[in-house]
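Data file: entry_17.cif. Format and content: mmCIF, C-alpha atoms.
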data_entry
#
loop_
_atom_site.label_atom_id
_atom_site.label_comp_id
_atom_site.auth_asym_id
_atom_site.auth_seq_id
_atom_site.Cartn_x
_atom_site.Cartn_y
_atom_site.Cartn_z
CA MET W 1178 -4.76 21.01 -93.15
CA LEU W 1179 -7.21 19.50 -90.69
CA ASN W 1180 -5.15 16.29 -90.67
CA HIS W 1181 -2.13 17.98 -89.10
CA PRO W 1182 -3.27 19.82 -85.99
CA THR W 1183 0.30 20.04 -84.62
CA ALA W 1184 1.67 21.48 -87.85
CA ASP W 1185 -1.25 23.91 -87.87
CA LEU W 1186 -0.47 25.15 -84.38
CA SER W 1187 3.18 25.68 -85.35
CA ARG W 1188 2.11 27.58 -88.45
CA THR W 1189 -0.34 29.69 -86.46
CA PHE W 1190 2.24 30.69 -83.85
CA ALA W 1191 4.85 31.36 -86.57
CA ALA W 1192 2.35 33.62 -88.34
CA LEU W 1193 1.73 35.51 -85.07
CA ALA W 1194 5.48 36.03 -84.49
CA ASP W 1195 5.57 39.25 -86.51
CA PRO W 1196 4.23 42.68 -85.45
CA THR W 1197 3.00 43.63 -88.96
CA ARG W 1198 1.00 40.39 -89.25
CA ARG W 1199 -0.44 40.91 -85.77
CA ALA W 1200 -1.41 44.49 -86.71
CA ILE W 1201 -3.17 43.17 -89.85
CA LEU W 1202 -5.12 40.63 -87.76
CA ALA W 1203 -6.00 43.31 -85.19
CA ARG W 1204 -7.45 45.49 -87.96
CA LEU W 1205 -9.45 42.54 -89.34
CA GLU W 1206 -10.86 42.01 -85.87
CA ARG W 1207 -12.32 45.53 -85.94
CA GLU W 1208 -13.43 45.60 -89.60
CA GLU W 1209 -15.25 42.71 -91.27
CA LYS W 1210 -13.42 43.07 -94.60
CA VAL W 1211 -10.60 45.33 -95.71
CA SER W 1212 -9.10 45.74 -99.20
CA ILE W 1213 -5.41 44.94 -99.58
CA SER W 1214 -4.54 48.56 -100.42
CA ALA W 1215 -6.40 49.82 -97.33
CA LEU W 1216 -4.64 47.15 -95.22
CA ALA W 1217 -1.22 48.22 -96.54
CA GLU W 1218 -1.82 51.94 -96.02
CA PRO W 1219 -0.80 52.35 -92.33
CA PHE W 1220 2.52 50.50 -92.81
CA ALA W 1221 5.87 52.02 -93.77
CA ILE W 1222 6.66 48.89 -95.82
CA LYS W 1223 5.94 48.51 -99.54
CA LEU W 1224 2.89 46.72 -100.96
CA PRO W 1225 4.84 43.56 -102.06
CA ALA W 1226 6.06 43.16 -98.46
CA VAL W 1227 2.49 43.42 -97.21
CA MET W 1228 1.44 40.84 -99.83
CA LYS W 1229 4.07 38.44 -98.47
CA HIS W 1230 2.71 38.86 -94.96
CA LEU W 1231 -0.80 38.19 -96.30
CA ASP W 1232 0.52 34.98 -97.93
CA VAL W 1233 1.87 33.80 -94.56
CA LEU W 1234 -1.45 34.61 -92.89
CA ALA W 1235 -3.41 32.83 -95.65
CA ASP W 1236 -1.12 29.75 -95.50
CA ALA W 1237 -1.78 29.60 -91.76
CA GLY W 1238 -5.53 29.73 -92.49
CA LEU W 1239 -5.90 33.01 -90.59
CA ILE W 1240 -7.33 35.08 -93.45
CA THR W 1241 -9.34 34.60 -96.63
CA ARG W 1242 -9.00 36.73 -99.74
CA SER W 1243 -11.74 37.30 -102.29
CA LYS W 1244 -11.66 39.32 -105.47
CA GLN W 1245 -14.34 41.97 -105.93
CA GLY W 1246 -13.84 43.52 -109.36
CA ARG W 1247 -10.41 45.16 -109.20
CA THR W 1248 -10.00 45.00 -105.42
CA VAL W 1249 -9.16 42.05 -103.20
CA ASP W 1250 -11.02 41.92 -99.88
CA VAL W 1251 -9.34 40.32 -96.90
CA ARG W 1252 -11.29 38.79 -94.04
CA LEU W 1253 -10.27 37.19 -90.74
CA PHE W 1254 -10.71 33.41 -90.35
CA PRO W 1255 -10.54 33.04 -86.58
CA GLU W 1256 -10.48 29.22 -86.17
CA PRO W 1257 -6.64 28.89 -85.88
CA LEU W 1258 -6.68 31.62 -83.22
CA ARG W 1259 -9.24 29.60 -81.26
CA GLN W 1260 -6.90 26.58 -81.39
CA ALA W 1261 -3.92 28.68 -80.27
CA THR W 1262 -5.99 30.09 -77.40
CA ALA W 1263 -7.09 26.56 -76.43
CA TRP W 1264 -3.44 25.49 -76.29
CA LEU W 1265 -2.55 28.43 -74.04
CA GLU W 1266 -5.53 27.88 -71.74
CA ARG W 1267 -3.83 25.08 -69.81
CA TYR W 1268 -1.44 27.69 -68.35
CA GLU W 1269 -4.25 29.95 -67.19
CA ARG W 1270 -4.05 28.77 -63.58
CA PHE W 1271 -0.64 30.47 -63.30
CA TRP W 1272 -2.16 33.92 -63.61
CA SER W 1273 -5.83 33.44 -62.82
CA PRO W 1274 -6.31 33.58 -59.02
CA ARG W 1275 -9.82 32.23 -59.41
CA LEU W 1276 -8.62 29.08 -61.17
CA ASP W 1277 -5.85 28.77 -58.60
CA ARG W 1278 -8.43 28.88 -55.81
CA LEU W 1279 -10.58 26.30 -57.60
CA ALA W 1280 -7.58 23.98 -57.87
CA ALA W 1281 -6.74 24.48 -54.18
CA HIS W 1282 -10.36 23.79 -53.27
CA ALA W 1283 -10.38 20.57 -55.33
CA GLU W 1284 -7.16 19.46 -53.65
CA ASN W 1285 -8.54 20.15 -50.19
CA LYS W 1286 -11.69 18.16 -51.00
CA GLU W 1287 -9.53 15.28 -52.20
CA ALA W 1288 -7.39 15.35 -49.06
CA GLU W 1289 -10.58 15.38 -46.95
CA MET W 1290 -11.95 12.37 -48.84
CA ARG W 1291 -8.70 10.51 -48.31
CA ARG W 1292 -8.85 11.22 -44.56
CA LYS W 1293 -12.46 10.00 -44.38
CA ASN W 1294 -11.65 6.80 -46.24
CA LYS W 1295 -8.80 5.87 -43.92
CA MET P 535 13.03 42.92 -72.00
CA LEU P 536 10.20 44.81 -70.33
CA ASN P 537 10.96 47.84 -72.55
CA HIS P 538 9.99 46.01 -75.74
CA PRO P 539 6.57 44.45 -75.24
CA THR P 540 6.05 44.04 -79.02
CA ALA P 541 9.41 42.34 -79.55
CA ASP P 542 8.58 40.13 -76.56
CA LEU P 543 5.30 39.03 -78.06
CA SER P 544 7.05 38.19 -81.35
CA ARG P 545 9.67 36.21 -79.46
CA THR P 546 7.01 34.38 -77.44
CA PHE P 547 5.01 33.34 -80.53
CA ALA P 548 8.22 32.34 -82.37
CA ALA P 549 9.19 30.16 -79.39
CA LEU P 550 5.75 28.52 -79.48
CA ALA P 551 6.03 27.75 -83.22
CA ASP P 552 7.78 24.42 -82.63
CA PRO P 553 6.19 21.16 -81.40
CA THR P 554 9.23 20.11 -79.32
CA ARG P 555 9.28 23.44 -77.50
CA ARG P 556 5.52 23.23 -76.90
CA ALA P 557 5.96 19.69 -75.52
CA ILE P 558 8.68 20.95 -73.15
CA LEU P 559 6.39 23.74 -71.91
CA ALA P 560 3.51 21.29 -71.52
CA ARG P 561 5.69 19.06 -69.32
CA LEU P 562 6.77 22.05 -67.21
CA GLU P 563 3.11 22.87 -66.71
CA ARG P 564 2.60 19.46 -65.07
CA GLU P 565 5.88 19.27 -63.11
CA GLU P 566 7.28 22.18 -61.11
CA LYS P 567 10.90 21.52 -62.09
CA VAL P 568 12.49 19.00 -64.44
CA SER P 569 16.19 18.28 -65.04
CA ILE P 570 17.47 18.80 -68.59
CA SER P 571 18.22 15.08 -69.02
CA ALA P 572 14.71 14.14 -67.88
CA LEU P 573 13.27 16.79 -70.24
CA ALA P 574 15.27 15.40 -73.18
CA GLU P 575 14.34 11.77 -72.52
CA PRO P 576 10.98 11.50 -74.37
CA PHE P 577 12.34 13.07 -77.58
CA ALA P 578 13.95 11.28 -80.50
CA ILE P 579 16.34 14.22 -80.96
CA LYS P 580 19.82 14.42 -79.38
CA LEU P 581 20.60 16.37 -76.19
CA PRO P 582 22.35 19.30 -77.99
CA ALA P 583 19.18 19.82 -80.08
CA VAL P 584 17.12 19.88 -76.88
CA MET P 585 19.59 22.38 -75.37
CA LYS P 586 19.08 24.66 -78.38
CA HIS P 587 15.31 24.54 -77.89
CA LEU P 588 15.84 25.41 -74.21
CA ASP P 589 17.97 28.40 -75.27
CA VAL P 590 15.11 29.67 -77.45
CA LEU P 591 12.64 29.20 -74.58
CA ALA P 592 15.00 30.95 -72.13
CA ASP P 593 15.61 33.87 -74.56
CA ALA P 594 11.84 34.28 -74.81
CA GLY P 595 11.67 34.37 -70.99
CA LEU P 596 9.50 31.23 -70.91
CA ILE P 597 11.79 29.11 -68.70
CA THR P 598 14.43 29.56 -66.05
CA ARG P 599 17.39 27.23 -65.51
CA SER P 600 19.18 26.70 -62.20
CA LYS P 601 22.16 24.50 -61.44
CA GLN P 602 21.77 22.02 -58.58
CA GLY P 603 25.12 20.26 -58.17
CA ARG P 604 25.61 18.39 -61.44
CA THR P 605 22.08 18.73 -62.74
CA VAL P 606 20.31 21.74 -64.23
CA ASP P 607 16.68 22.20 -63.22
CA VAL P 608 14.29 23.82 -65.65
CA ARG P 609 11.16 25.68 -64.54
CA LEU P 610 8.33 27.36 -66.39
CA PHE P 611 8.12 31.17 -66.26
CA PRO P 612 4.52 31.75 -67.36
CA GLU P 613 4.41 35.59 -67.72
CA PRO P 614 5.05 35.66 -71.53
CA LEU P 615 2.25 33.09 -71.96
CA ARG P 616 -0.08 35.39 -70.05
CA GLN P 617 0.80 38.22 -72.45
CA ALA P 618 0.25 35.97 -75.49
CA THR P 619 -3.12 34.88 -74.09
CA ALA P 620 -4.05 38.52 -73.43
CA TRP P 621 -3.26 39.35 -77.08
CA LEU P 622 -5.45 36.47 -78.31
CA GLU P 623 -8.33 37.36 -75.99
CA ARG P 624 -9.61 40.14 -78.27
CA TYR P 625 -10.64 37.47 -80.78
CA GLU P 626 -12.58 35.48 -78.20
CA ARG P 627 -15.96 36.83 -79.30
CA PHE P 628 -15.55 34.91 -82.59
CA TRP P 629 -15.85 31.54 -80.84
CA SER P 630 -17.42 32.32 -77.48
CA PRO P 631 -21.22 32.37 -77.88
CA ARG P 632 -21.53 33.94 -74.43
CA LEU P 633 -19.37 36.93 -75.42
CA ASP P 634 -21.22 37.11 -78.71
CA ARG P 635 -24.53 37.29 -76.84
CA LEU P 636 -23.11 39.97 -74.53
CA ALA P 637 -22.06 42.02 -77.55
CA ALA P 638 -25.50 41.57 -79.15
CA HIS P 639 -27.14 42.57 -75.89
CA ALA P 640 -24.97 45.71 -75.65
CA GLU P 641 -25.82 46.60 -79.26
CA ASN P 642 -29.54 46.13 -78.63
CA LYS P 643 -29.34 48.33 -75.54
CA GLU P 644 -27.55 50.97 -77.58
CA ALA P 645 -30.14 50.83 -80.36
CA GLU P 646 -32.88 51.11 -77.74
CA MET P 647 -31.21 54.18 -76.21
CA ARG P 648 -30.90 55.76 -79.64
CA ARG P 649 -34.61 55.18 -80.29
CA LYS P 650 -35.54 56.72 -76.92
CA ASN P 651 -33.38 59.78 -77.53
CA LYS P 652 -34.97 60.54 -80.88
#
Go through the file and emit its structure as C-alpha cells.
Amino acid sequence: MLNHPTADLSRTFAALADPTRRAILARLEREEKVSISALAEPFAIKLPAVMKHLDVLADAGLITRSKQGRTVDVRLFPEPLRQATAWLERYERFWSPRLDRLAAHAENKEAEMRRKNK
Amino acid sequence: MLNHPTADLSRTFAALADPTRRAILARLEREEKVSISALAEPFAIKLPAVMKHLDVLADAGLITRSKQGRTVDVRLFPEPLRQATAWLERYERFWSPRLDRLAAHAENKEAEMRRKNK
C-alpha cells in the first residue's frame, strides 16, 4: 500500500464519494470505537450493505476492524485522510484571503528586489 | 447544484478519484487557463479520453470551459475543492499536534472548572 501513493489517493477519494461511508467516518471521528451493529443502526440500508461499505473503507485503509468476543469494533485510521487533505491544501490560496495576501506580499517583495537589482 | 450539497460532495470526491483528473486540476492550479490540446499533451491517453475526464470535472463543477475562436480554454473553479477541504477539516486534530494541544488544553480547563464547582 505504501508503495503506491497515487493509487492510495484514488482509493481514498473513491471511498469518500459516498454519503453513507462519509457518515460512518464522521461517527468514528466522534467515537473512538463503534461496533458494526451500532454503526449500521442509523442507516435505512441492511447490514450486508453496511458491511460492503466497511470493506471499501478498510480497503482504502480508512478504518480498522477488531473482533472482541462476538462483536467487531471499528476504529478510524486517519492517515489516508491526512494525505487527501495535503493534496487539497495546494488549492487553499483560492479561498483563504490570508494566503492570498501572503502570496501578493511575496510577489511585491520579488518585484521590489528586481527593481533594486536593475 | 447548490440544492444538493451532499450529492455535490460525492461528485467532487468521485471526480478526484482518478490520477489523470487530479493532474489536470494540479495544472490548472498553476496556470490560470489552459487550452484542451495543451491539457491533453502530457498524457499518454488519446484526446477523447481526456475530453471524458474534462466532462467529469465539469459535471462536478470543478472546471469551466470557454470557447475562444477555435480553441477551448479550461479554467479551475475551486469552490467544490473548498467544500471537500471543509469536510476533511474535522479530522485535522488527528494529525495536527497544535490542534491536539488546543483540545487537551480545553479539556484541562474544563476539568479545572468542574473541580472548582464541586
### Message
So the first atom is atom CA of W:Arg1207 and the second is atom CA of W:Arg1252; what is the distance between them in Å, to one decimal place?
### Response
10.6 Å
Please report as CSV every residue of chain P lying within 12 Å of chain W, along with the nearest atom pair and their distance in Å (one decimal), using all atoms listed in the file.
residue,atom,partner,partner_atom,distance
P:His538,CA,W:Pro1196,CA,11.8
P:Pro539,CA,W:Pro1196,CA,10.6
P:Thr540,CA,W:Pro1196,CA,6.8
P:Ala541,CA,W:Pro1196,CA,7.9
P:Asp542,CA,W:Ala1194,CA,9.5
P:Leu543,CA,W:Ala1194,CA,7.1
P:Ser544,CA,W:Ala1194,CA,4.1
P:Arg545,CA,W:Ala1194,CA,6.5
P:Thr546,CA,W:Ala1194,CA,7.4
P:Phe547,CA,W:Ala1194,CA,4.8
P:Ala548,CA,W:Ala1194,CA,5.1
P:Ala549,CA,W:Phe1190,CA,8.3
P:Leu550,CA,W:Phe1190,CA,6.0
P:Ala551,CA,W:Ser1187,CA,4.1
P:Asp552,CA,W:Ser1187,CA,5.5
P:Pro553,CA,W:Ser1187,CA,6.7
P:Thr554,CA,W:Ser1187,CA,10.2
P:Arg555,CA,W:Ser1187,CA,10.2
P:Arg556,CA,W:Ser1187,CA,9.1
P:Ala557,CA,W:Thr1183,CA,10.7
P:Leu559,CA,W:Tyr1268,CA,9.5
P:Ala560,CA,W:Arg1267,CA,8.4
P:Arg561,CA,W:Tyr1268,CA,11.2
P:Leu562,CA,W:Tyr1268,CA,10.0
P:Glu563,CA,W:Tyr1268,CA,6.8
P:Arg564,CA,W:Tyr1268,CA,9.7
P:Glu566,CA,W:Phe1271,CA,11.7
P:Ala594,CA,W:Ala1194,CA,11.7
P:Leu596,CA,W:Tyr1268,CA,11.8
P:Leu610,CA,W:Tyr1268,CA,10.0
P:Phe611,CA,W:Phe1271,CA,9.3
P:Pro612,CA,W:Phe1271,CA,6.7
P:Glu613,CA,W:Trp1272,CA,7.9
P:Pro614,CA,W:Tyr1268,CA,10.8
P:Leu615,CA,W:Leu1265,CA,7.0
P:Arg616,CA,W:Trp1272,CA,6.9
P:Gln617,CA,W:Trp1272,CA,10.3
P:Ala618,CA,W:Leu1265,CA,8.2
P:Thr619,CA,W:Leu1265,CA,6.5
P:Ala620,CA,W:Thr1262,CA,9.5
P:Trp621,CA,W:Arg1199,CA,9.3
P:Leu622,CA,W:Thr1262,CA,6.5
P:Glu623,CA,W:Thr1262,CA,7.8
P:Arg624,CA,W:Glu1206,CA,7.9
P:Tyr625,CA,W:Glu1206,CA,6.8
P:Glu626,CA,W:Arg1259,CA,7.4
P:Arg627,CA,W:Glu1206,CA,9.8
P:Phe628,CA,W:Pro1255,CA,6.7
P:Trp629,CA,W:Arg1259,CA,6.9
P:Ser630,CA,W:Arg1259,CA,9.4
### Query
Which value, in Å to one decimal, gives the distance between atom CA of P:Lys580 and atom CA of P:Arg599?
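Interatomic distance here is 19.0 Å.
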### Point-to-point distance from atom CA of W:Lys1210 to atom CA of P:Lys643, Å rounded to tenths
25.4 Å
### Query
Within 12 Å of W:Arg1247, counting only C-alpha atoms, which residues qualify if same-chain residues fewer than 5 places away don't, as number ranges by chain?
W: 1212-1214
#### Entry: Who sits within 8 Å of P:Leu588, all atoms listed in the file, same chain under 4 positions skipped, as a PyMOL selection string
chain P and resi 555+584+592+597
Could stretch 1253-1264 of chain W be completed with all heavy atoms and written as a compact mmCIF listing (two decimals), in the frame of the given file, please?
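The file below, selection_21.txt, is the result:
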# COMPACT_ATOMS: atom_id res chain seq x y z
N LEU W 1253 -10.85 38.05 -91.78
CA LEU W 1253 -10.27 37.19 -90.74
C LEU W 1253 -10.95 35.83 -90.75
O LEU W 1253 -12.16 35.74 -90.91
CB LEU W 1253 -10.48 37.85 -89.36
CG LEU W 1253 -9.91 37.12 -88.15
CD1 LEU W 1253 -8.40 37.22 -88.14
CD2 LEU W 1253 -10.47 37.70 -86.86
N PHE W 1254 -10.15 34.75 -90.57
CA PHE W 1254 -10.71 33.41 -90.35
C PHE W 1254 -10.20 32.97 -88.98
O PHE W 1254 -9.05 32.56 -88.83
CB PHE W 1254 -10.26 32.46 -91.46
CG PHE W 1254 -11.00 31.15 -91.42
CD1 PHE W 1254 -12.31 31.06 -91.89
CD2 PHE W 1254 -10.41 30.03 -90.88
CE1 PHE W 1254 -13.00 29.87 -91.83
CE2 PHE W 1254 -11.09 28.82 -90.82
CZ PHE W 1254 -12.39 28.74 -91.30
N PRO W 1255 -11.06 33.13 -87.95
CA PRO W 1255 -10.54 33.04 -86.58
C PRO W 1255 -10.22 31.65 -86.03
O PRO W 1255 -9.59 31.54 -84.99
CB PRO W 1255 -11.63 33.72 -85.74
CG PRO W 1255 -12.87 33.60 -86.55
CD PRO W 1255 -12.48 33.54 -87.99
N GLU W 1256 -10.64 30.58 -86.72
CA GLU W 1256 -10.48 29.22 -86.17
C GLU W 1256 -9.05 28.91 -85.66
O GLU W 1256 -8.90 28.40 -84.54
CB GLU W 1256 -10.95 28.18 -87.20
CG GLU W 1256 -10.71 26.72 -86.83
CD GLU W 1256 -11.35 26.26 -85.53
OE1 GLU W 1256 -12.26 26.93 -85.02
OE2 GLU W 1256 -10.89 25.22 -85.01
N PRO W 1257 -7.98 29.20 -86.43
CA PRO W 1257 -6.64 28.89 -85.88
C PRO W 1257 -6.33 29.66 -84.59
O PRO W 1257 -5.60 29.14 -83.73
CB PRO W 1257 -5.69 29.30 -87.01
CG PRO W 1257 -6.52 29.27 -88.25
CD PRO W 1257 -7.90 29.69 -87.81
N LEU W 1258 -6.90 30.84 -84.45
CA LEU W 1258 -6.68 31.62 -83.22
C LEU W 1258 -7.37 30.95 -82.04
O LEU W 1258 -6.87 30.98 -80.92
CB LEU W 1258 -7.20 33.06 -83.39
CG LEU W 1258 -6.49 33.91 -84.45
CD1 LEU W 1258 -7.16 35.26 -84.58
CD2 LEU W 1258 -5.02 34.09 -84.10
N ARG W 1259 -8.52 30.33 -82.32
CA ARG W 1259 -9.24 29.60 -81.26
C ARG W 1259 -8.37 28.43 -80.79
O ARG W 1259 -8.24 28.16 -79.60
CB ARG W 1259 -10.59 29.08 -81.79
CG ARG W 1259 -11.49 28.52 -80.69
CD ARG W 1259 -12.71 27.81 -81.27
NE ARG W 1259 -12.35 26.65 -82.08
CZ ARG W 1259 -11.94 25.48 -81.61
NH1 ARG W 1259 -11.86 25.29 -80.31
NH2 ARG W 1259 -11.63 24.50 -82.42
N GLN W 1260 -7.77 27.72 -81.74
CA GLN W 1260 -6.90 26.58 -81.39
C GLN W 1260 -5.68 27.03 -80.59
O GLN W 1260 -5.28 26.37 -79.63
CB GLN W 1260 -6.46 25.85 -82.66
CG GLN W 1260 -7.61 25.07 -83.31
CD GLN W 1260 -7.21 24.46 -84.65
OE1 GLN W 1260 -6.03 24.28 -84.94
NE2 GLN W 1260 -8.19 24.13 -85.46
N ALA W 1261 -5.09 28.16 -80.99
CA ALA W 1261 -3.92 28.68 -80.27
C ALA W 1261 -4.32 29.06 -78.85
O ALA W 1261 -3.60 28.76 -77.88
CB ALA W 1261 -3.35 29.89 -81.00
N THR W 1262 -5.50 29.70 -78.72
CA THR W 1262 -5.99 30.09 -77.40
C THR W 1262 -6.25 28.85 -76.54
O THR W 1262 -5.91 28.82 -75.36
CB THR W 1262 -7.29 30.92 -77.52
OG1 THR W 1262 -7.03 32.03 -78.39
CG2 THR W 1262 -7.75 31.44 -76.18
N ALA W 1263 -6.82 27.81 -77.16
CA ALA W 1263 -7.09 26.56 -76.43
C ALA W 1263 -5.79 25.95 -75.92
O ALA W 1263 -5.73 25.42 -74.81
CB ALA W 1263 -7.84 25.58 -77.33
N TRP W 1264 -4.74 26.03 -76.73
CA TRP W 1264 -3.44 25.49 -76.29
C TRP W 1264 -2.92 26.27 -75.09
O TRP W 1264 -2.39 25.70 -74.14
CB TRP W 1264 -2.42 25.51 -77.44
CG TRP W 1264 -1.15 24.80 -77.05
CD1 TRP W 1264 -0.89 23.47 -77.17
CD2 TRP W 1264 0.00 25.38 -76.40
NE1 TRP W 1264 0.35 23.18 -76.65
CE2 TRP W 1264 0.92 24.34 -76.18
CE3 TRP W 1264 0.33 26.68 -76.00
CZ2 TRP W 1264 2.15 24.55 -75.57
CZ3 TRP W 1264 1.56 26.89 -75.39
CH2 TRP W 1264 2.46 25.83 -75.18
